[in-house]
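> TSV, C-alpha atoms and all ligand atoms, saved as run03.tsv, coming up:
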chain	number	residue	atom	x	y	z
N	25	MET	CA	69.16	34.68	73.16
N	26	HIS	CA	66.23	33.91	70.87
N	27	THR	CA	63.17	32.83	72.83
N	28	GLY	CA	61.12	31.97	69.76
N	29	LEU	CA	58.24	33.93	71.27
N	30	LYS	CA	56.19	35.92	68.79
N	31	ILE	CA	55.28	39.20	70.45
N	32	THR	CA	53.26	42.14	69.21
N	33	ILE	CA	52.67	45.36	71.09
N	34	ILE	CA	49.49	47.21	70.20
N	35	GLY	CA	50.01	50.96	70.24
N	36	PRO	CA	53.09	53.07	69.41
N	37	GLY	CA	52.55	55.50	72.31
N	38	ALA	CA	55.15	56.32	74.94
N	39	MET	CA	54.99	52.97	76.74
N	40	GLY	CA	54.56	50.86	73.58
N	41	CYS	CA	57.60	52.42	71.92
N	42	LEU	CA	59.65	52.18	75.09
N	43	LEU	CA	58.93	48.48	75.53
N	44	ALA	CA	59.42	47.63	71.84
N	45	GLY	CA	62.65	49.64	71.87
N	46	TYR	CA	64.07	47.67	74.79
N	47	ILE	CA	63.06	44.24	73.45
N	48	SER	CA	64.38	45.05	69.99
N	49	ARG	CA	67.64	46.44	71.39
N	50	SER	CA	68.34	43.11	73.04
N	51	GLY	CA	68.18	41.46	69.63
N	52	LEU	CA	64.78	39.83	70.02
N	53	PRO	CA	62.02	40.08	67.43
N	54	VAL	CA	59.03	42.23	68.35
N	55	SER	CA	56.33	43.95	66.31
N	56	ILE	CA	54.14	46.97	66.88
N	57	LEU	CA	50.61	47.20	65.53
N	58	ASP	CA	49.59	50.79	64.81
N	59	TYR	CA	46.08	51.67	63.67
N	60	LYS	CA	47.45	54.52	61.53
N	61	SER	CA	49.11	53.15	58.39
N	62	ASP	CA	50.91	56.41	57.46
N	63	ARG	CA	52.49	56.61	60.92
N	64	ALA	CA	53.38	52.89	60.82
N	65	LYS	CA	55.26	53.51	57.56
N	66	ARG	CA	57.15	56.50	58.98
N	67	LEU	CA	58.05	54.64	62.18
N	68	SER	CA	59.25	51.59	60.21
N	69	LYS	CA	61.55	53.80	58.20
N	70	ASN	CA	62.83	56.05	61.02
N	71	GLY	CA	62.81	53.51	63.85
N	72	ILE	CA	62.20	54.19	67.51
N	73	TYR	CA	64.46	56.48	69.46
N	74	ILE	CA	64.81	56.11	73.23
N	75	GLU	CA	66.44	58.72	75.45
N	76	THR	CA	67.68	57.45	78.80
N	77	GLY	CA	69.77	58.98	81.56
N	78	GLU	CA	72.57	56.58	80.56
N	79	GLY	CA	72.63	57.34	76.85
N	80	ASN	CA	70.25	57.11	73.92
N	81	PHE	CA	69.57	54.31	71.47
N	82	GLN	CA	67.61	53.61	68.33
N	83	SER	CA	65.95	50.37	67.35
N	84	PHE	CA	63.91	49.03	64.48
N	85	PRO	CA	61.06	46.74	65.52
N	86	ARG	CA	58.65	45.64	62.81
N	87	ILE	CA	55.80	48.18	62.66
N	88	THR	CA	52.64	47.71	60.62
N	89	ALA	CA	48.98	48.67	60.47
N	90	ASP	CA	48.04	45.33	58.92
N	91	ALA	CA	47.76	42.62	61.58
N	92	SER	CA	47.26	39.90	58.97
N	93	THR	CA	50.92	40.30	57.91
N	94	LEU	CA	51.97	39.30	61.45
N	95	GLY	CA	49.61	36.35	62.02
N	96	ALA	CA	48.89	34.61	65.34
N	97	GLN	CA	51.21	35.64	68.17
N	98	ASP	CA	52.31	34.00	71.43
N	99	ALA	CA	51.75	37.23	73.36
N	100	VAL	CA	49.92	40.42	72.46
N	101	LEU	CA	50.58	43.36	74.77
N	102	VAL	CA	47.87	45.99	74.79
N	103	LEU	CA	49.34	49.44	75.37
N	104	VAL	CA	46.79	51.73	73.77
N	105	LYS	CA	44.94	54.35	75.79
N	106	ALA	CA	42.07	52.80	77.75
N	107	GLY	CA	39.33	54.33	75.59
N	108	GLN	CA	40.87	52.97	72.38
N	109	THR	CA	41.00	49.33	73.49
N	110	ALA	CA	37.81	48.12	71.78
N	111	ASN	CA	38.76	49.57	68.37
N	112	ALA	CA	42.38	48.47	68.63
N	113	LEU	CA	41.34	44.91	69.40
N	114	LYS	CA	39.04	44.74	66.35
N	115	GLN	CA	42.04	45.50	64.16
N	116	ALA	CA	44.14	42.99	66.11
N	117	ARG	CA	41.98	39.90	65.49
N	118	PRO	CA	44.52	38.18	63.15
N	119	LEU	CA	47.05	38.28	66.00
N	120	ILE	CA	44.91	36.09	68.24
N	121	GLY	CA	45.29	32.34	67.80
N	122	GLU	CA	44.44	29.33	70.00
N	123	GLY	CA	47.42	29.80	72.33
N	124	THR	CA	47.79	33.60	72.30
N	125	VAL	CA	48.00	35.33	75.65
N	126	VAL	CA	46.60	38.87	75.59
N	127	VAL	CA	48.15	41.11	78.24
N	128	SER	CA	46.79	44.55	79.14
N	129	LEU	CA	49.47	46.81	80.61
N	130	GLN	CA	47.18	49.83	80.57
N	131	ASN	CA	46.43	52.34	83.29
N	132	GLY	CA	43.09	52.12	85.04
N	133	ILE	CA	40.64	49.35	85.72
N	134	GLY	CA	38.13	47.12	83.93
N	135	HIS	CA	40.13	46.23	80.78
N	136	GLU	CA	39.43	42.51	81.15
N	137	GLU	CA	35.82	43.13	80.05
N	138	THR	CA	36.92	44.62	76.71
N	139	LEU	CA	39.64	41.99	76.27
N	140	SER	CA	37.08	39.23	76.73
N	141	ASN	CA	35.49	40.26	73.41
N	142	ILE	CA	38.52	38.89	71.64
N	143	ALA	CA	40.11	36.34	73.99
N	144	LYS	CA	38.99	33.56	76.34
N	145	PRO	CA	39.27	34.42	80.07
N	146	GLU	CA	42.09	31.85	80.49
N	147	SER	CA	44.12	33.67	77.78
N	148	ILE	CA	43.76	37.10	79.35
N	149	ALA	CA	46.40	38.62	81.61
N	150	LEU	CA	46.54	42.00	83.28
N	151	GLY	CA	49.57	43.86	84.39
N	152	VAL	CA	50.96	47.03	85.82
N	153	THR	CA	54.18	48.83	85.18
N	154	THR	CA	55.85	51.68	87.00
N	155	GLN	CA	58.22	52.40	84.12
N	156	GLY	CA	58.14	56.11	83.37
N	157	ALA	CA	57.78	57.11	79.71
N	158	THR	CA	57.23	60.48	78.06
N	159	LEU	CA	56.55	60.72	74.34
N	160	LEU	CA	58.76	63.58	73.13
N	161	ARG	CA	57.60	63.30	69.52
N	162	GLU	CA	56.42	60.53	67.20
N	163	GLY	CA	58.55	57.43	67.88
N	164	CYS	CA	60.81	59.26	70.34
N	165	VAL	CA	60.48	58.47	74.03
N	166	LYS	CA	62.20	59.70	77.14
N	167	HIS	CA	62.65	56.85	79.62
N	168	ALA	CA	61.67	58.93	82.63
N	169	GLY	CA	62.35	56.35	85.33
N	170	GLN	CA	63.23	52.68	85.64
N	171	GLY	CA	60.34	50.72	87.21
N	172	GLU	CA	58.95	47.28	87.87
N	173	THR	CA	56.37	45.36	85.85
N	174	THR	CA	54.02	42.72	87.27
N	175	ILE	CA	51.74	40.51	85.19
N	176	GLY	CA	49.22	37.83	86.10
N	177	LEU	CA	46.48	35.73	84.55
N	178	LEU	CA	42.82	36.49	85.04
N	179	LYS	CA	42.18	32.76	85.44
N	180	ALA	CA	44.72	30.01	86.20
N	181	TYR	CA	45.55	27.98	83.10
N	182	ASP	CA	48.82	26.04	82.64
N	183	LEU	CA	49.41	26.71	78.94
N	184	SER	CA	48.89	30.46	79.34
N	185	LEU	CA	51.05	30.47	82.46
N	186	GLU	CA	53.93	28.92	80.49
N	187	LYS	CA	53.69	31.70	77.91
N	188	LEU	CA	53.39	34.39	80.56
N	189	ASN	CA	56.47	33.00	82.30
N	190	ALA	CA	58.42	33.10	79.06
N	191	LEU	CA	57.23	36.65	78.42
N	192	SER	CA	58.25	37.70	81.93
N	193	ARG	CA	61.76	36.24	81.44
N	194	LEU	CA	62.06	37.95	78.06
N	195	LEU	CA	61.06	41.36	79.47
N	196	THR	CA	63.48	40.98	82.36
N	197	SER	CA	66.37	40.03	80.09
N	198	SER	CA	65.54	43.04	77.87
N	199	GLY	CA	66.03	45.42	80.80
N	200	TRP	CA	62.39	45.55	81.92
N	201	PRO	CA	62.33	43.78	85.32
N	202	CYS	CA	59.11	41.73	85.33
N	203	SER	CA	57.53	39.31	87.78
N	204	LEU	CA	54.43	37.11	87.85
N	205	ALA	CA	51.61	37.45	90.38
N	206	ASP	CA	49.14	34.69	91.33
N	207	ASP	CA	46.52	37.35	92.03
N	208	ILE	CA	47.06	40.44	89.87
N	209	PHE	CA	44.14	42.49	91.24
N	210	PRO	CA	45.87	43.85	94.37
N	211	HIS	CA	48.65	45.09	92.03
N	212	ILE	CA	46.12	46.65	89.64
N	213	TRP	CA	44.44	48.41	92.57
N	214	LYS	CA	47.70	49.62	94.06
N	215	LYS	CA	48.63	51.21	90.72
N	216	LEU	CA	45.07	52.55	90.46
N	217	LEU	CA	45.53	54.32	93.81
N	218	ALA	CA	48.63	56.03	92.39
N	219	ASN	CA	46.78	57.07	89.24
N	220	VAL	CA	43.81	58.29	91.31
N	221	GLY	CA	46.13	60.44	93.41
N	222	VAL	CA	48.30	61.81	90.62
N	223	ASN	CA	46.85	61.94	87.11
N	224	ALA	CA	43.79	64.20	87.41
N	225	LEU	CA	45.52	66.60	89.80
N	226	ALA	CA	48.47	66.94	87.43
N	227	ALA	CA	46.24	67.21	84.34
N	228	LEU	CA	44.11	69.97	85.86
N	229	THR	CA	47.00	72.08	87.08
N	230	GLY	CA	49.83	71.34	84.62
N	231	ILE	CA	52.35	70.31	87.26
N	232	LYS	CA	54.82	67.44	87.40
N	233	ASN	CA	54.18	64.52	89.75
N	234	GLY	CA	56.72	65.65	92.36
N	235	ASP	CA	55.23	69.14	92.57
N	236	ILE	CA	51.97	67.77	93.97
N	237	LEU	CA	53.83	67.15	97.23
N	238	THR	CA	55.28	70.64	97.40
N	239	LEU	CA	51.83	72.28	97.39
N	240	GLU	CA	50.04	71.67	100.68
N	241	HIS	CA	46.49	71.96	99.24
N	242	MET	CA	47.28	69.59	96.39
N	243	LYS	CA	48.85	67.11	98.79
N	244	ARG	CA	45.72	67.23	100.94
N	245	LEU	CA	43.44	66.75	97.93
N	246	GLN	CA	45.57	63.84	96.81
N	247	GLY	CA	45.17	62.21	100.22
N	248	LEU	CA	41.37	62.65	100.13
N	249	ALA	CA	41.07	61.14	96.63
N	250	VAL	CA	43.23	58.16	97.60
N	251	ILE	CA	41.29	57.54	100.84
N	252	GLU	CA	38.02	57.37	98.85
N	253	ALA	CA	39.53	54.87	96.40
N	254	TRP	CA	41.00	52.81	99.24
N	255	LYS	CA	37.53	52.55	100.83
N	256	VAL	CA	36.09	51.24	97.56
N	257	ALA	CA	38.90	48.64	97.33
N	258	ALA	CA	38.31	47.58	100.93
N	259	GLU	CA	34.55	47.22	100.37
N	260	LYS	CA	35.24	45.10	97.28
N	261	GLY	CA	37.53	42.84	99.33
N	262	ILE	CA	40.69	43.64	97.34
N	263	LYS	CA	43.72	42.68	99.44
N	264	ILE	CA	46.01	45.62	98.70
N	265	ASN	CA	47.91	44.99	101.93
N	266	LEU	CA	48.11	48.67	102.85
N	267	ASP	CA	46.13	50.40	105.56
N	268	LEU	CA	44.68	53.86	104.87
N	269	ASP	CA	47.78	55.79	105.97
N	270	GLU	CA	50.11	53.42	104.15
N	271	ALA	CA	48.05	53.80	100.97
N	272	VAL	CA	48.43	57.60	101.09
N	273	GLU	CA	52.14	57.22	101.87
N	274	TYR	CA	52.53	54.81	98.97
N	275	VAL	CA	51.02	57.30	96.50
N	276	ARG	CA	53.30	60.01	97.85
N	277	SER	CA	56.29	57.71	97.36
N	278	VAL	CA	55.24	57.24	93.70
N	279	CYS	CA	55.24	61.04	93.37
N	280	THR	CA	58.72	61.19	94.82
N	281	GLU	CA	60.05	58.39	92.60
N	282	THR	CA	58.49	59.92	89.48
N	283	ALA	CA	58.98	63.54	90.60
N	284	GLY	CA	60.16	64.77	87.19
N	285	ASN	CA	57.48	62.87	85.28
N	286	ILE	CA	54.70	64.54	83.32
N	287	SER	CA	51.83	62.18	84.20
N	288	SER	CA	50.22	60.36	81.30
N	289	MET	CA	46.97	62.30	81.75
N	290	LEU	CA	48.77	65.62	81.68
N	291	GLN	CA	50.57	64.47	78.51
N	292	ASP	CA	47.16	63.66	77.01
N	293	ARG	CA	45.73	67.05	77.96
N	294	ILE	CA	48.74	68.93	76.58
N	295	LEU	CA	48.24	67.12	73.26
N	296	ASN	CA	44.45	67.57	73.52
N	297	LYS	CA	43.93	63.79	73.36
N	298	PRO	CA	41.15	61.89	75.17
N	299	THR	CA	42.12	61.08	78.77
N	300	GLU	CA	41.75	57.85	80.78
N	301	ILE	CA	39.68	59.60	83.47
N	302	ASP	CA	36.72	57.19	83.04
N	303	TYR	CA	39.01	54.25	83.90
N	304	ILE	CA	40.63	55.96	86.90
N	305	ASN	CA	38.75	58.51	89.09
N	306	GLY	CA	35.56	58.00	87.05
N	307	ALA	CA	35.73	54.23	87.64
N	308	ILE	CA	36.06	54.83	91.39
N	309	VAL	CA	32.92	57.00	91.36
N	310	ARG	CA	30.94	54.36	89.39
N	311	MET	CA	32.01	51.47	91.64
N	312	ALA	CA	31.42	53.55	94.77
N	313	GLY	CA	27.91	54.42	93.56
N	314	LYS	CA	27.04	50.71	93.33
N	315	LEU	CA	28.44	50.11	96.82
N	316	GLY	CA	26.72	53.11	98.41
N	317	ILE	CA	30.03	54.89	99.20
N	318	ASP	CA	30.41	58.66	98.77
N	319	THR	CA	33.39	59.75	96.66
N	320	PRO	CA	32.91	63.53	96.21
N	321	VAL	CA	36.59	64.32	95.62
N	322	ASN	CA	36.91	61.78	92.81
N	323	GLU	CA	33.61	63.01	91.37
N	324	VAL	CA	34.87	66.60	91.28
N	325	LEU	CA	38.23	65.59	89.78
N	326	SER	CA	36.57	63.43	87.16
N	327	THR	CA	34.02	66.11	86.21
N	328	LEU	CA	36.64	68.86	85.96
N	329	VAL	CA	38.92	66.75	83.73
N	330	LYS	CA	35.98	65.89	81.46
N	331	VAL	CA	34.71	69.47	81.18
N	332	SER	CA	38.14	70.95	80.59
N	333	SER	CA	38.83	68.25	77.94
N	334	ALA	CA	35.47	68.89	76.25
N	335	ARG	CA	36.21	72.61	76.14
N	336	GLY	CA	39.65	71.95	74.66
N	337	TRP	CA	41.42	73.74	77.53
N	338	LYS	CA	45.12	72.96	77.24
N	339	PRO	CA	47.46	73.09	80.22
N	340	VAL	CA	50.89	74.58	79.63
N	341	LYS	CA	53.64	71.95	79.43
N	342	PRO	CA	55.72	72.13	82.63
N	343	ASP	CA	59.47	72.82	82.18
N	401	LIG	O1	49.97	57.52	84.37
N	401	LIG	C1	51.09	57.84	84.78
N	401	LIG	O2	51.64	58.87	84.49
N	401	LIG	C2	51.83	56.84	85.69
N	401	LIG	O3	51.05	55.68	85.80
N	401	LIG	C3	52.21	57.36	87.06
N	401	LIG	C4	52.49	56.19	88.00
N	401	LIG	C5	51.14	58.23	87.69
N	401	LIG	C6	53.51	58.11	87.00
N	401	LIG	O4	53.49	59.23	86.20
When written as C-alpha cells, how does the structure in this file appear?
Ligand code: PAF

Amino acid sequence: MHTGLKITIIGPGAMGCLLAGYISRSGLPVSILDYKSDRAKRLSKNGIYIETGEGNFQSFPRITADASTLGAQDAVLVLVKAGQTANALKQARPLIGEGTVVVSLQNGIGHEETLSNIAKPESIALGVTTQGATLLREGCVKHAGQGETTIGLLKAYDLSLEKLNALSRLLTSSGWPCSLADDIFPHIWKKLLANVGVNALAALTGIKNGDILTLEHMKRLQGLAVIEAWKVAAEKGIKINLDLDEAVEYVRSVCTETAGNISSMLQDRILNKPTEIDYINGAIVRMAGKLGIDTPVNEVLSTLVKVSSARGWKPVKPD
C-alpha cells in the first residue's frame, strides 16, 4: 500500500521514533526532522530500533536536520517536547505548504497557540495517544504498551479533513490504531487528567506509573490533583463525559494499563532534560487562577518539579 502521503515527524524522541518505526516498517515513506544534524546523520546510518513484547525490528526512515531537502508535506506530526515546539517549528518552515496539515501529538495543553505561528487554524490538528514509549538510547525505543490515537481539527475544513482521514487510515494500517474526533478538546483534556495525575508524582519520586496505586498517600495525592484539574475543565465547559469519581477512576485505569511505564516526565528528569510541567500541572494552575479556582495540589507539584529540575536533582531510574 502506498498512500502517496508525504509525512514528516518532528522530533526523534521516544514517540517520534516509535511512530516513524511503525510507518516505515509497513513499507510507507516517512521522514524525521531532527534539529541536531550530527544525531540525524547517526540515526540515518544506524536506523531506528524498536523493542516490542512480540519481537524487535529495525527500520530506516529518512532522517535529516535540513527541512528544505524534504519540501512541503501533506502532514507534519509534531512530537517534540512541549517547550521545544516554537524552535522546532522555525526549523520546520520548508515543510509547510498550502495544503499541509500540522498535527500536535504532544502531552499537555495549549499547543495550538504555538502552532498558529506557522499554520492557519484550519490546517492545525491536535491529537492524543496512549501508546507507551520509552527511549532506551538514541534511536532505540521500547514499545511499552499498545494504545489508541485520536486526532481532530481545530477548525472544520474539508481539505484538511481529507488529509487527516488519510493520515488516520495510514497510522491504523501501520499498527497504530487511530480515529478522528469532531471535537478533539475533550480527548485532550482526558489525556491531560492522566498526565496531571501521573507525571509529576512519578518524576518527584522515581516510581513507575503502576506503583502510584500501591502507595496509599500517592494514590490520595493523585486523586486530589485530578479533582482540581477536573474542576477547571468543568468551569471551562469542556465535555469530558466523566463525573469527578469517574475521572479519578479513569486516571487510575491509565496507571494500571501503563503500570510498567516510566512516565515521560520521569524519563526527562532521569536524563536531566526540561520537563513539560508548565503544559500539564502548571497549565492547570494558570487556568485556575484566571477562573478563580484554588489548585494548591497542582501548585505544589508544579513548584517541586521546577525546583528539583533547576537544582539538577536526578531521580534514580526504577528497575
Ligand atoms: O507522559 C506519559 O508518560 C504518558 O502520557 C502517560 C499516559 C502518563 C503514561 O506514561
> Quick one: residues within 8 Å of ligand LIG 401 (chain N), with only C-alpha atoms and all ligand atoms, as a list of chain:residue names?
N:Asn131, N:Thr153, N:Thr154, N:Gln155, N:Gly156, N:Ala157, N:Lys215, N:Ala218, N:Asn219, N:Gly221, N:Val222, N:Asn223, N:Asn233, N:Val278, N:Cys279, N:Thr282, N:Asn285, N:Ile286, N:Ser287, N:Ser288, N:Met289, N:Leu290
> Please indicate the distance in Å from atom CA of Leu248 of chain N to atom CA of Gly134 of chain N, rounded to one decimal place.
22.7 Å
> Tell me which of N:Leu266, N:Leu160, N:Ala149, N:Ile294 sits closest to Ser192 of chain N, counting only C-alpha atoms.
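Nearest candidate to Ser192 of chain N out of N:Leu266, N:Leu160, N:Ala149, N:Ile294: N:Ala149.
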> Within 9 Å of (47.9, 46.0, 77.9), all atoms listed in the file: residues as a list of chain:residue names?
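Checked against the point, the hits come out as N:Ile33, N:Ile34, N:Val100, N:Leu101, N:Val102, N:Leu103, N:Val104, N:Ala106, N:Thr109, N:Val126, N:Val127, N:Ser128, N:Leu129, N:Gln130, N:Asn131, N:His135, N:Ala149, N:Leu150, N:Gly151, N:Val152.
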> Enter the distance from atom CA of Leu42 of chain N to atom CA of Gln291 of chain N, in Å, rounded to one decimal.
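Separation of atom CA of Leu42 of chain N and atom CA of Gln291 of chain N: 15.7 Å.
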> Taking all atoms listed in the file into account, name the residue in N:Glu122, N:Glu146, N:Glu136, N:Glu162 that is nearest to Gly71 of chain N.
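Smallest separation from Gly71 of chain N among the options: N:Glu162.
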> Pick out the closest residue to Asn322 of chain N from this set: N:Pro36, N:Gly79, N:Gly247, N:Gly171. Count only C-alpha atoms.
N:Gly247
> Give the answer as one residue: which of N:Ser198, N:Asp318, N:Ser333, N:Ala89 has the shortest atom-to-atom distance to Ile301 of chain N, using all atoms listed in the file?
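Smallest separation from Ile301 of chain N among the options: N:Ser333.
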> Please indicate the distance in Å from atom CA of Ala91 of chain N to atom CA of Ile56 of chain N, rounded to one decimal place.
9.4 Å
> Would you please work out which residue, of N:Asp343, N:Phe84, N:Lys144, N:Thr32, is nearest to Gly51 of chain N when using all atoms listed in the file?
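Looking at the shortest contact to Gly51 of chain N, the residue is N:Phe84.
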> Find the residues near Asn296 of chain N: any atom within 8 Å, counting all atoms listed in the file, skip ones fewer than 5 places away on the same chain, and give them as a ChimeraX atom specification.
/N:333,336-338
> Every residue with an atom at most 8 Å from (51.5, 34.3, 66.8) (file coordinates; only C-alpha atoms) is what I'm after, so could you write them as JSON, numbers by chain?
{"N": [30, 31, 94, 95, 96, 97, 98, 99, 119, 120, 121, 124]}
> Show me, as a Markdown table, the residues of segment 139-256 of chain N having an atom within 10 Å of segment 323-329 of chain N, each with the closest atom pair and its distance in Å, using only C-alpha atoms.

| residue | atom | partner | partner_atom | distance |
| --- | --- | --- | --- | --- |
| N:Val220 | CA | N:Leu325 | CA | 9.3 |
| N:Asn223 | CA | N:Leu325 | CA | 9.7 |
| N:Ala224 | CA | N:Leu325 | CA | 6.2 |
| N:Leu225 | CA | N:Leu325 | CA | 7.4 |
| N:Ala227 | CA | N:Val329 | CA | 7.4 |
| N:Leu228 | CA | N:Val329 | CA | 6.5 |
| N:Leu245 | CA | N:Leu325 | CA | 9.7 |
| N:Ala249 | CA | N:Leu325 | CA | 8.6 |
> Which residue, N:Leu67, N:Val125, N:Leu217, N:Ala116, has the smallest gap to Asn189 of chain N when you use all atoms listed in the file?
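Checking each candidate against Asn189 of chain N, we get N:Val125 as the closest.
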> What box, with edges along x, y and z, holds each listed atom of segment 284-292 of chain N when 5 Å is added on every side, and can you state its centre and edge lengths in Å to one decimal, as lines of an AutoDock Vina configuration file?

center_x = 53.6
center_y = 63.0
center_z = 82.1
size_x = 23.2
size_y = 15.3
size_z = 20.2
